[in-house]
Every structure is written in C-alpha cells, then in structure tokens.
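Trainee: Quick one: the structure is below, and I'll ask about it shortly.
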Amino acid sequence: MKVALVCDWLTNVGGAEKVLLEIHNLYPDAPIFTSKYDPKGIDWFKDADVRTGWLQAFPVWTRRIMGPFRQHYFSHLDLSEYDLIISVTGAEAKSVKSGKWLHEHKKKSANPKGIHISYCHMPTQYYWQMYDEYIRNPGFGVLNPFVRFFFKIFVRPLRSADFKAAQRPEYYITISEYAKEAFKKCYGRKATVINPAVEVADFKKTCGKPVENYYITTSRQVNWKRIDLAVKACLMTQRKLMVVGDGSEHERLVRLAKGSGLIEFVPVVGKEKLAKLLASAKGYLFPSMEPFGIAPVEAMASGCPVIAFKEGGAQDYVKAGVNGIFFEEQTATSLAEAILKFEKMKFNRKKISESVDNFSVKRFDKEIRNFVNEKTK
C-alpha cells in the first residue's frame, strides 16, 4: 500500500508525538504531512520524510491561533493518490480527504479505494469539552480579553466546521473509553479504543529503586495541565515536589512556588533519567483532565503509584488501592486531602509495575496492524 501519515503539527515533545513516532516506526517509508515542523523542538523524526506547506512560514508561537487556517490547509491537502491515510490528531488533521471520500463526493476519480483512518485523541477540545476552561484562560496573558471576545463570536461557525470535518475519515481509533464516548456525543461517530503505546519495558527496569521523600509530576507546563494544583497542594501539605518539564506556564509556576525549598523544578530529562526519578518518587501527581495520559502509565511502570483526578482517561488504568488513588475535585484542596489519604496506604510497587503491562509498544503495534489489515482487505 501507498501510505501517508498526517499530524496537526510537530513542534514539541508530547503524548501525541509519541503515538505518531510509533506509527512512523510501523510505516517508516510513509511521508508525514503536517502544518508546522520545528526539528529543534522535536528531534524524533530526523529519518522521516516530513512535508509542510504554507503554514510553515509562520512562527511557532502562532500555532494556538491558527486553527481555522490549519483546517483550510488540511482540507485542501491533496492525498488522493494514497491507498491509506493515517492521521494522528486532536485538532484539524482529521480534515484531510481520502480518495474514497473524494470519489463519493464526485471531487476526483483517482483511487476510489483510498481510505483515511484517524487515530484521534479527542474531539477538538477548545471547541467542545474544554471550551469553558479555554474561555476562562486562553493562555495569552494580557491579550486574554481580546482572544476571549473573538473566540466567543466565532466559536459556533468553527465548531460547525470541525463537526463537518469530523465526518470525513472512514474510521476512527481513539485512546480511551472516555474519548470514545466524547466522539459519540460531539461528532456522532463510532470509534475503536486502542490505548497509546507506552514504553513500559524501559521504565520497568528501574522498579525497585529505594523510595525517597518526594512527589513528582512530569508534563508540558501549559495552563490546562493544572500543574499549579500540584504545586499548591504540596505547599499546603508541606510535601516535597519535583516538577519535571518546561513550557509557557513555567515562570508562573516558579512564582507560585514562592521560592520554597519544597518545590524543585527540573528541566526536561532523557528517558533513562526520568525512569530513575519516577522509580524513586513517593507518588506521581496527575491533576490534569486528559483523554488518556502516557506520563502516569510511565510512572506506574516504574513502580510509582499515581494520585489522579477522577475524570478522563485515567479511569482506564488507575485502579484505586492497587496502583494509585483518585481525587474527586480538580482543586488544590481536594488533591492535598488525597495526598494525606495516600500516605496512610501501602502499595506493592512490583504489582504497580505489572498492572500496566497491557499498555506496551508490542501490544499497540499488534492492535494497529490488525485494525489496518481488517479495514484494507
């Protein structure tokens, strides 16, 4: 088959990029079409044929306001020659049209058997599930009032266009049961759940290291990840916290820590170092509402129990009392209470590591190949 891969952008390291990398490993000869590529921000695809278009001319920082332009770009991307398109997306890359879609809509006669399988994490969150959170804090600092004003005006036509684009892929794969329900509710589409690949084997190697007296959270530091709750909760309970990562919220988080020796900020580290930090941590704090969350699974593979917000994809892998616990409200107080409750419990770190064996790369590869083979017979 002639295969093409498509993703929203390639400008930084994250969970979506890890999924794309694994699918790229399955189809190494397939070109990757994207709106923006910054090899300095992510160096995982040096061996790949990454192709961009006119959006590449815009600075990386404009990505957050380019949604309508990305949708136009992907909608007009001519991939009709490909037998199989696999998009890895949480935003606009699902807008691409397969040969089959074009043929059925009498747009082109080329390759009527070409199909589009979208590995889509969630319906575009700033239009749907996270609209209220986005309106409260668009993340543009002093420009927030202007962004908020215009987004409220244009969200209805943007949401309508997103819904229309969501009807184009022939098949959807998504990352959790929570996401599957969201597809049905927002797009009226069915999706098959294939949990993302996690390199559990590499993280399991560090399980059994001596546990030290600190909690840890690892994430891109953006507002919707809610790392601020982890910082506040640890200040409230006077517990040590290691914050690993970087991002647009970094300076705000540093100010929030108020120079306290309890909060340690660590830059992005390699996988081997990260696995050791996770294995030695008392617990992993996961205050974000995410459709899945690869980082907590990495923590558990290292033997580290997780304290997670009880909503979203975390419910697919956190087993209360076995490999972690939940907190009910997305507030610092609720998280602080969960930390105190957590410290009264005992966990078997070997069993925690074993509890996420089913999220392996080998399992992911097998399920993706089986799905593709079934749909392209």
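Labels for the structure tokens follow display order: chains A, B, ..., residues from 1 in each chain, ligands from 1.
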Write out as a PyMOL selection string the set of residues from segment 115-305 of chain A that DSSP, computed on the backbone, places in alpha helix (DSSP H).
Mentor: chain A and resi 131-136+144-165+177-187+200-204+227-237+250-257+271-280+294-301
Trainee: Do a neighbour search on Met345 of chain A at 10 Å with only C-alpha atoms, toss out local chain neighbours closer than 4 positions, and write the hits as a VMD selection string.
Mentor: chain A and resid 321 324 to 325 340 to 341
Trainee: For the selection you just gave me, I'd like the residues written to a file as a compact mmCIF listing (two decimals), in the first residue's frame, keeping C-alpha atoms.
Mentor:
# COMPACT_ATOMS: atom_id res chain seq x y z
CA GLY A 321 -5.91 0.93 46.12
CA GLY A 324 -2.92 4.62 43.00
CA ILE A 325 -5.91 6.63 44.16
CA LEU A 340 -2.74 12.79 53.11
CA LYS A 341 -5.03 9.82 52.46
Trainee: If you run DSSP on this backbone, which residues of segment 236-354 of chain A come out as strand (DSSP E or B), and could you give them as a list in words?
Mentor: Leu241, Met242, Val243, Val244, Ile263, Glu264, Phe265, Val266, Gly283, Tyr284, Leu285, Phe286, Val306, Ile307, Ala308, Phe309, Ala320, Gly324, Ile325, Phe326 and Phe327 of chain A
Trainee: Filtering to C-alpha atoms, could you give me those residues as an mmCIF file, in the first residue's frame?
Mentor:
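Final output, saved to result_0.cif:
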data_model
loop_
_atom_site.group_PDB
_atom_site.id
_atom_site.type_symbol
_atom_site.label_atom_id
_atom_site.label_comp_id
_atom_site.auth_asym_id
_atom_site.auth_seq_id
_atom_site.Cartn_x
_atom_site.Cartn_y
_atom_site.Cartn_z
ATOM 1 C CA LEU A 241 7.509 18.066 44.867
ATOM 2 C CA MET A 242 9.711 17.617 41.796
ATOM 3 C CA VAL A 243 8.264 19.350 38.719
ATOM 4 C CA VAL A 244 9.883 17.950 35.564
ATOM 5 C CA ILE A 263 9.319 22.686 45.140
ATOM 6 C CA GLU A 264 12.133 21.676 42.796
ATOM 7 C CA PHE A 265 11.971 22.474 39.093
ATOM 8 C CA VAL A 266 13.857 20.100 36.797
ATOM 9 C CA GLY A 283 3.986 9.167 44.289
ATOM 10 C CA TYR A 284 3.091 10.724 40.943
ATOM 11 C CA LEU A 285 0.647 13.660 40.922
ATOM 12 C CA PHE A 286 -1.674 13.811 37.907
ATOM 13 C CA VAL A 306 -0.400 7.686 40.958
ATOM 14 C CA ILE A 307 -2.729 10.241 42.550
ATOM 15 C CA ALA A 308 -5.037 11.211 39.670
ATOM 16 C CA PHE A 309 -8.027 13.452 39.063
ATOM 17 C CA ALA A 320 -7.832 2.594 43.307
ATOM 18 C CA GLY A 324 -2.919 4.616 42.996
ATOM 19 C CA ILE A 325 -5.913 6.634 44.162
ATOM 20 C CA PHE A 326 -8.231 9.310 42.775
ATOM 21 C CA PHE A 327 -9.169 12.778 43.991
#
Trainee: When you count only C-alpha atoms, which of these residues is closest to Leu158 of chain A: A:Lys204, A:Lys180, A:Arg136, A:Arg70?
Mentor: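 Of A:Lys204, A:Lys180, A:Arg136, A:Arg70, the one nearest Leu158 of chain A, counting only C-alpha atoms, is A:Arg70.
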Trainee: Within 7 Å of Lys209 of chain A, counting only C-alpha atoms, which residues qualify if same-chain residues fewer than 3 places away don't, as JSON, numbers by chain?
Mentor: {"A": [206, 279, 280]}
Trainee: To one decimal place in Å, what is the distance between atom CA of Lys276 of chain A and atom CA of Leu229 of chain A?
Mentor: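 According to the coordinates, atom CA of Lys276 of chain A and atom CA of Leu229 of chain A are separated by 24.0 Å.
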Trainee: Quick one: pull the distance between atom CA of Arg64 of chain A and atom CA of Asp38 of chain A, Å, one decimal.
Mentor: 15.0 Å
Trainee: Show which residues sit within 6 Å of segment 166-175 of chain A, as JSON, numbers by chain. Count only C-alpha atoms, and ignore same-chain residues fewer than 6 positions away.
Mentor: {"A": [116, 117, 118, 119, 120, 121, 191, 192, 193, 194, 195]}
Trainee: Got a sec: who's within 10 Å of Cys304 of chain A, counting only C-alpha atoms, leaving out chain neighbours fewer than 5 positions off, as a ChimeraX atom specification?
Mentor: /A:207-208,211,215-216,275,277-284,296-299,323-324,347-350,352-353
